[in-house]
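Written below as structure tokens is the structure these notes are about.
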Amino acid sequence: EYQCIVVSEAEGVGSIELNRPRVLNALNRQMVGEILHAMEHFDADEGVRVIVLTGRGRAFAAGADIDEMMHEDTVSLEMMNQFTDWDRLACIKKPVIGAVHGFALGGAFELALCCDMLFAAETASFGFPEVQLGIMPGAGGTQRLTKLLGKTKAMEWLMTGKRISAQEAHKYGIVNEVFADEVLMEETMKFAAALGKQAPLAVRLIKESVLKAVDHSLYEGMQFERKNFYLLFSSEDQKEGMAAFKEKRVPHFKGR
Ligand code: HXC
């Protein structure tokens with residue numbers, strides 16, 4: 001059914017692999033639409049707890065498809081309104097883990113920054129080369145990078161378009177962990193499967209609350225956090241989790 005991605009599902013983990021390896025998984029609009037479709041499908045699938053996003057071939061992805069983009073103009077871009085797909089990607093409720101090997105450039109770095117957590121292979125490299133094409137990021141890169149890095153480093157990376165190694169990305173808190181290339185997927189899937197065993201409602205509302213912290217003032221974020229904290233006390237999982245603690249046994253969470 002999909003032409004630009006491959007999806008699979010195992011052990012509560014829904015996987016999406018970008019699959020245009022001949023052009024280093026350059027993100028055309030169809031691919032972004034397919035990623036969104038697959039993510040929303042996994043988000044609604046009770047059997048899926050965690051979503052993993054990765055790339056086939058020698059890169060995560062080399063950015064937006066330049067062939068598709070090069071003849072656009074201001075009005076065509078405005079009327080196409082392609083970024084509503086990206087807005088919806090940011091509304092996925094389940095945790096999304098990106099596993100990056102090879103290049104994650106431009107729009108692909110933006111896609112990686114949409115993930116909730118990132119694991120990188122030693123040979124991964126990140127960057128915003130848009131400036132070298134006479135453009136700038138358009139899918140949240142200037143905003144998400146600045147919120148993660150602070151102003152001065154974000155300015156440097158965005159204005160120079162320099163390549164950032166996995167180690168440097170780790171140093172600046174862009175990626176959670178760096179693994180040898182050959183174990184990246186194994187480690188990512190292990191982490192995802194373990195995350196899938198955490199209390200699903202708690203994980204869901206933690207994601208929502210952390211994203212609020214990124215997006216809102218501390219005061220607004222804390223009001224939001226408090227409401228979600230209260231909300232969890234009407235779940236069966238809260239009762240089960242605390243009962244299991246008192247009874248010194250492993251909790252059995254049901255997502256209710
Ligand atoms: C279209 C691309 C592409 C891209 C690579 N290819 N990146 N096609 N769009 N973004 C194609 C190449 O043209 C080539 O096709 C094939 O993939 C293999 O790439 P090579 O360049 O031969 O590989 P290599 O020499 O290893 O160089 C890898 C690379 C380079 C450094 C990643 O491909 C590169 O600089 N790509 C562009 C990166 C970039 O500028 N990304 C930002 C795009 S702007 P052929 O047919 O020649 O074999 C952007 C804006 C986002 O992302 C806006 C919001 C969505």
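Residue numbering restarts at 1 for every chain of the structure tokens, chains are lettered A, B, ... in their displayed order, and ligands are numbered from 1 as they appear.
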* To do: With only C-alpha atoms and all ligand atoms counted, collect every polymer residue having an atom within 9 Å of ligand 1; state the result as an MDAnalysis selection string.
  => chainID A and resid 21:29 32 58:59 61:69 82:83 86 102:111 127:133 135:141
Write out, as a PDB file, in the first residue's frame, the residues just selected, with C-alpha atoms.
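part.pdb, freshly written:
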ATOM      1  CA  PRO A  21      17.407   4.417  -0.727  1.00  0.00           C
ATOM      2  CA  ARG A  22      18.421   5.338  -4.298  1.00  0.00           C
ATOM      3  CA  VAL A  23      18.045   9.018  -3.381  1.00  0.00           C
ATOM      4  CA  LEU A  24      19.128   8.572   0.243  1.00  0.00           C
ATOM      5  CA  ASN A  25      15.474   8.595   1.346  1.00  0.00           C
ATOM      6  CA  ALA A  26      14.948  12.182   0.178  1.00  0.00           C
ATOM      7  CA  LEU A  27      11.627  13.220   1.705  1.00  0.00           C
ATOM      8  CA  ASN A  28       9.115  13.960  -0.999  1.00  0.00           C
ATOM      9  CA  ARG A  29       5.631  15.044  -0.022  1.00  0.00           C
ATOM     10  CA  VAL A  32       5.801  12.608   4.527  1.00  0.00           C
ATOM     11  CA  ARG A  58      22.996   4.135   3.768  1.00  0.00           C
ATOM     12  CA  ALA A  59      21.150   7.098   5.346  1.00  0.00           C
ATOM     13  CA  ALA A  61      17.469  10.641   5.011  1.00  0.00           C
ATOM     14  CA  ALA A  62      19.249  13.420   3.103  1.00  0.00           C
ATOM     15  CA  GLY A  63      16.515  16.025   3.530  1.00  0.00           C
ATOM     16  CA  ALA A  64      13.571  17.268   1.529  1.00  0.00           C
ATOM     17  CA  ASP A  65      13.503  16.103  -2.091  1.00  0.00           C
ATOM     18  CA  ILE A  66      15.339  18.863  -3.931  1.00  0.00           C
ATOM     19  CA  ASP A  67      14.008  17.687  -7.325  1.00  0.00           C
ATOM     20  CA  GLU A  68      10.460  18.174  -6.089  1.00  0.00           C
ATOM     21  CA  MET A  69      11.172  21.479  -4.342  1.00  0.00           C
ATOM     22  CA  GLN A  82       2.290  20.932   3.015  1.00  0.00           C
ATOM     23  CA  PHE A  83       3.228  21.669   6.597  1.00  0.00           C
ATOM     24  CA  TRP A  86       4.104  18.062   9.837  1.00  0.00           C
ATOM     25  CA  GLY A 102      24.203   7.927   8.069  1.00  0.00           C
ATOM     26  CA  PHE A 103      22.887  11.341   7.070  1.00  0.00           C
ATOM     27  CA  ALA A 104      20.014  13.141   8.796  1.00  0.00           C
ATOM     28  CA  LEU A 105      20.079  16.457   6.967  1.00  0.00           C
ATOM     29  CA  GLY A 106      17.673  19.333   6.497  1.00  0.00           C
ATOM     30  CA  GLY A 107      14.069  18.108   6.567  1.00  0.00           C
ATOM     31  CA  ALA A 108      15.325  14.735   7.805  1.00  0.00           C
ATOM     32  CA  PHE A 109      17.000  16.406  10.798  1.00  0.00           C
ATOM     33  CA  GLU A 110      13.668  18.161  11.358  1.00  0.00           C
ATOM     34  CA  LEU A 111      11.906  14.801  11.217  1.00  0.00           C
ATOM     35  CA  GLY A 127      23.000  19.156   9.873  1.00  0.00           C
ATOM     36  CA  PHE A 128      20.929  21.898   8.321  1.00  0.00           C
ATOM     37  CA  PRO A 129      22.501  22.459   4.874  1.00  0.00           C
ATOM     38  CA  GLU A 130      19.526  24.565   3.682  1.00  0.00           C
ATOM     39  CA  VAL A 131      21.588  27.743   3.909  1.00  0.00           C
ATOM     40  CA  GLN A 132      23.856  26.287   1.222  1.00  0.00           C
ATOM     41  CA  LEU A 133      20.808  26.005  -1.059  1.00  0.00           C
ATOM     42  CA  ILE A 135      16.894  28.615   1.824  1.00  0.00           C
ATOM     43  CA  MET A 136      16.268  27.822   5.474  1.00  0.00           C
ATOM     44  CA  PRO A 137      14.522  25.068   7.415  1.00  0.00           C
ATOM     45  CA  GLY A 138      10.738  25.151   7.114  1.00  0.00           C
ATOM     46  CA  ALA A 139       9.459  22.251   9.190  1.00  0.00           C
ATOM     47  CA  GLY A 140      10.391  23.488  12.651  1.00  0.00           C
ATOM     48  CA  GLY A 141      14.199  23.240  12.472  1.00  0.00           C
TER      49      GLY A 141
END
* To do: Going by DSSP on the backbone, which bits of range 2-212 of chain A are helix (DSSP H, G or I)? Write them as a ChimeraX atom specification, please.
  => /A:21-23,29-44,66-69,74-80,83-89,107-114,129-133,141-149,151-160,166-171,181-195,200-212
With C-alpha atoms kept, could you save the residues just selected as a CSV table (one decimal), in the first residue's frame?
chain,number,residue,atom,x,y,z
A,21,PRO,CA,17.4,4.4,-0.7
A,22,ARG,CA,18.4,5.3,-4.3
A,23,VAL,CA,18.0,9.0,-3.4
A,29,ARG,CA,5.6,15.0,0.0
A,30,GLN,CA,4.3,11.6,-0.6
A,31,MET,CA,6.7,10.1,1.8
A,32,VAL,CA,5.8,12.6,4.5
A,33,GLY,CA,2.1,11.8,3.9
A,34,GLU,CA,2.8,8.1,4.2
A,35,ILE,CA,4.8,8.6,7.4
A,36,LEU,CA,1.9,10.5,8.9
A,37,HIS,CA,-0.6,7.9,7.8
A,38,ALA,CA,1.4,5.1,9.3
A,39,MET,CA,2.0,7.0,12.5
A,40,GLU,CA,-1.7,7.8,13.0
A,41,HIS,CA,-2.6,4.2,12.2
A,42,PHE,CA,-0.1,3.0,14.9
A,43,ASP,CA,-1.4,5.7,17.3
A,44,ALA,CA,-4.9,4.2,17.0
A,66,ILE,CA,15.3,18.9,-3.9
A,67,ASP,CA,14.0,17.7,-7.3
A,68,GLU,CA,10.5,18.2,-6.1
A,69,MET,CA,11.2,21.5,-4.3
A,74,THR,CA,6.1,31.4,-2.8
A,75,VAL,CA,2.5,31.2,-3.9
A,76,SER,CA,2.6,27.5,-4.8
A,77,LEU,CA,4.1,26.7,-1.4
A,78,GLU,CA,1.5,28.7,0.4
A,79,MET,CA,-1.4,27.1,-1.5
A,80,MET,CA,0.0,23.6,-1.1
A,83,PHE,CA,3.2,21.7,6.6
A,84,THR,CA,-0.2,20.7,8.0
A,85,ASP,CA,1.1,17.1,7.7
A,86,TRP,CA,4.1,18.1,9.8
A,87,ASP,CA,1.8,19.7,12.4
A,88,ARG,CA,-0.1,16.5,12.6
A,89,LEU,CA,3.1,14.5,13.1
A,107,GLY,CA,14.1,18.1,6.6
A,108,ALA,CA,15.3,14.7,7.8
A,109,PHE,CA,17.0,16.4,10.8
A,110,GLU,CA,13.7,18.2,11.4
A,111,LEU,CA,11.9,14.8,11.2
A,112,ALA,CA,14.4,13.4,13.7
A,113,LEU,CA,13.8,16.4,16.0
A,114,CYS,CA,10.1,15.6,15.9
A,129,PRO,CA,22.5,22.5,4.9
A,130,GLU,CA,19.5,24.6,3.7
A,131,VAL,CA,21.6,27.7,3.9
A,132,GLN,CA,23.9,26.3,1.2
A,133,LEU,CA,20.8,26.0,-1.1
A,141,GLY,CA,14.2,23.2,12.5
A,142,THR,CA,15.0,26.8,13.7
A,143,GLN,CA,12.5,26.4,16.5
A,144,ARG,CA,13.2,22.9,17.8
A,145,LEU,CA,16.9,23.1,17.5
A,146,THR,CA,17.0,26.4,19.4
A,147,LYS,CA,14.9,25.0,22.2
A,148,LEU,CA,17.3,22.1,22.5
A,149,LEU,CA,20.6,23.8,22.0
A,151,LYS,CA,20.5,30.4,20.8
A,152,THR,CA,24.2,30.6,20.1
A,153,LYS,CA,24.9,27.1,19.0
A,154,ALA,CA,21.6,27.0,17.0
A,155,MET,CA,22.7,30.1,15.2
A,156,GLU,CA,26.1,28.5,14.4
A,157,TRP,CA,24.7,25.2,13.1
A,158,LEU,CA,21.9,26.8,11.1
A,159,MET,CA,23.9,29.6,9.6
A,160,THR,CA,26.9,27.5,8.6
A,166,ALA,CA,26.8,11.7,16.4
A,167,GLN,CA,29.2,12.3,19.2
A,168,GLU,CA,28.7,16.0,19.1
A,169,ALA,CA,24.9,15.6,18.8
A,170,HIS,CA,25.1,13.5,21.9
A,171,LYS,CA,27.2,16.1,23.7
A,181,ASP,CA,26.4,0.9,13.7
A,182,GLU,CA,25.9,-2.8,13.8
A,183,VAL,CA,23.9,-2.8,17.1
A,184,LEU,CA,21.9,0.4,16.6
A,185,MET,CA,18.7,-1.3,15.6
A,186,GLU,CA,19.0,-4.1,18.1
A,187,GLU,CA,19.5,-1.6,21.0
A,188,THR,CA,16.7,0.7,19.7
A,189,MET,CA,14.2,-2.2,19.5
A,190,LYS,CA,15.3,-3.4,23.0
A,191,PHE,CA,14.7,0.0,24.4
A,192,ALA,CA,11.4,0.4,22.5
A,193,ALA,CA,10.1,-3.0,23.7
A,194,ALA,CA,11.0,-2.1,27.3
A,195,LEU,CA,9.3,1.3,27.0
A,200,PRO,CA,0.7,3.3,28.8
A,201,LEU,CA,-1.5,6.0,30.2
A,202,ALA,CA,1.3,7.4,32.3
A,203,VAL,CA,3.7,7.4,29.3
A,204,ARG,CA,1.1,9.1,27.2
A,205,LEU,CA,0.5,11.9,29.6
A,206,ILE,CA,4.2,12.3,30.4
A,207,LYS,CA,4.8,12.8,26.6
A,208,GLU,CA,2.1,15.4,26.5
A,209,SER,CA,3.4,17.2,29.5
A,210,VAL,CA,7.0,17.3,28.5
A,211,LEU,CA,6.0,18.7,25.1
A,212,LYS,CA,4.0,21.4,26.9
* In Å, how far is it from CA of Val250 in chain A to CA of Lys94 in chain A? -> 23.0 Å
* To do: With a distance cut-off of 9 Å and only C-alpha atoms, select the neighbouring residues of Met222 in chain A, excluding the residue or stretch itself and same-chain residues fewer than 3 positions from it, and output the selection as a ChimeraX atom specification.
  => /A:209,212-213,217-219,225-227
Give me a file of those residues, with C-alpha atoms, as a tab-separated table (two decimals), in the first residue's frame.
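Result file is part36.tsv:
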chain	number	residue	atom	x	y	z
A	209	SER	CA	3.36	17.19	29.54
A	212	LYS	CA	4.02	21.36	26.91
A	213	ALA	CA	7.17	22.31	28.80
A	217	SER	CA	5.84	28.97	29.98
A	218	LEU	CA	6.83	27.15	33.17
A	219	TYR	CA	3.65	28.34	34.90
A	225	GLU	CA	1.16	18.82	34.41
A	226	ARG	CA	-0.95	19.05	37.59
A	227	LYS	CA	-4.18	18.28	35.73
* To do: From a DSSP calculation on the backbone, collect every residue of range 1-157 of chain A in strand (DSSP E or B) and output the set as a ChimeraX atom specification.
  => /A:5-10,13-18,27,50-55,61,64,96-100,103-105,117-121,125-127
* To do: Compile the contact shell of range 96-100 of chain A as a PyMOL selection string: residues with an atom at most 6 Å away, counting only C-alpha atoms, same-chain residues fewer than 2 positions apart removed.
  => chain A and resi 51-54+60+115-120
* Find the distance between CA of Ile16 in chain A and CA of Gly57 in chain A and write it in Å to one decimal. =>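 The value is 13.6 Å.
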* To do: Please measure the separation of CA of Phe126 in chain A and CA of Gly55 in chain A, giving the value in Å to one decimal.
  =>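 A separation of 13.9 Å between them.
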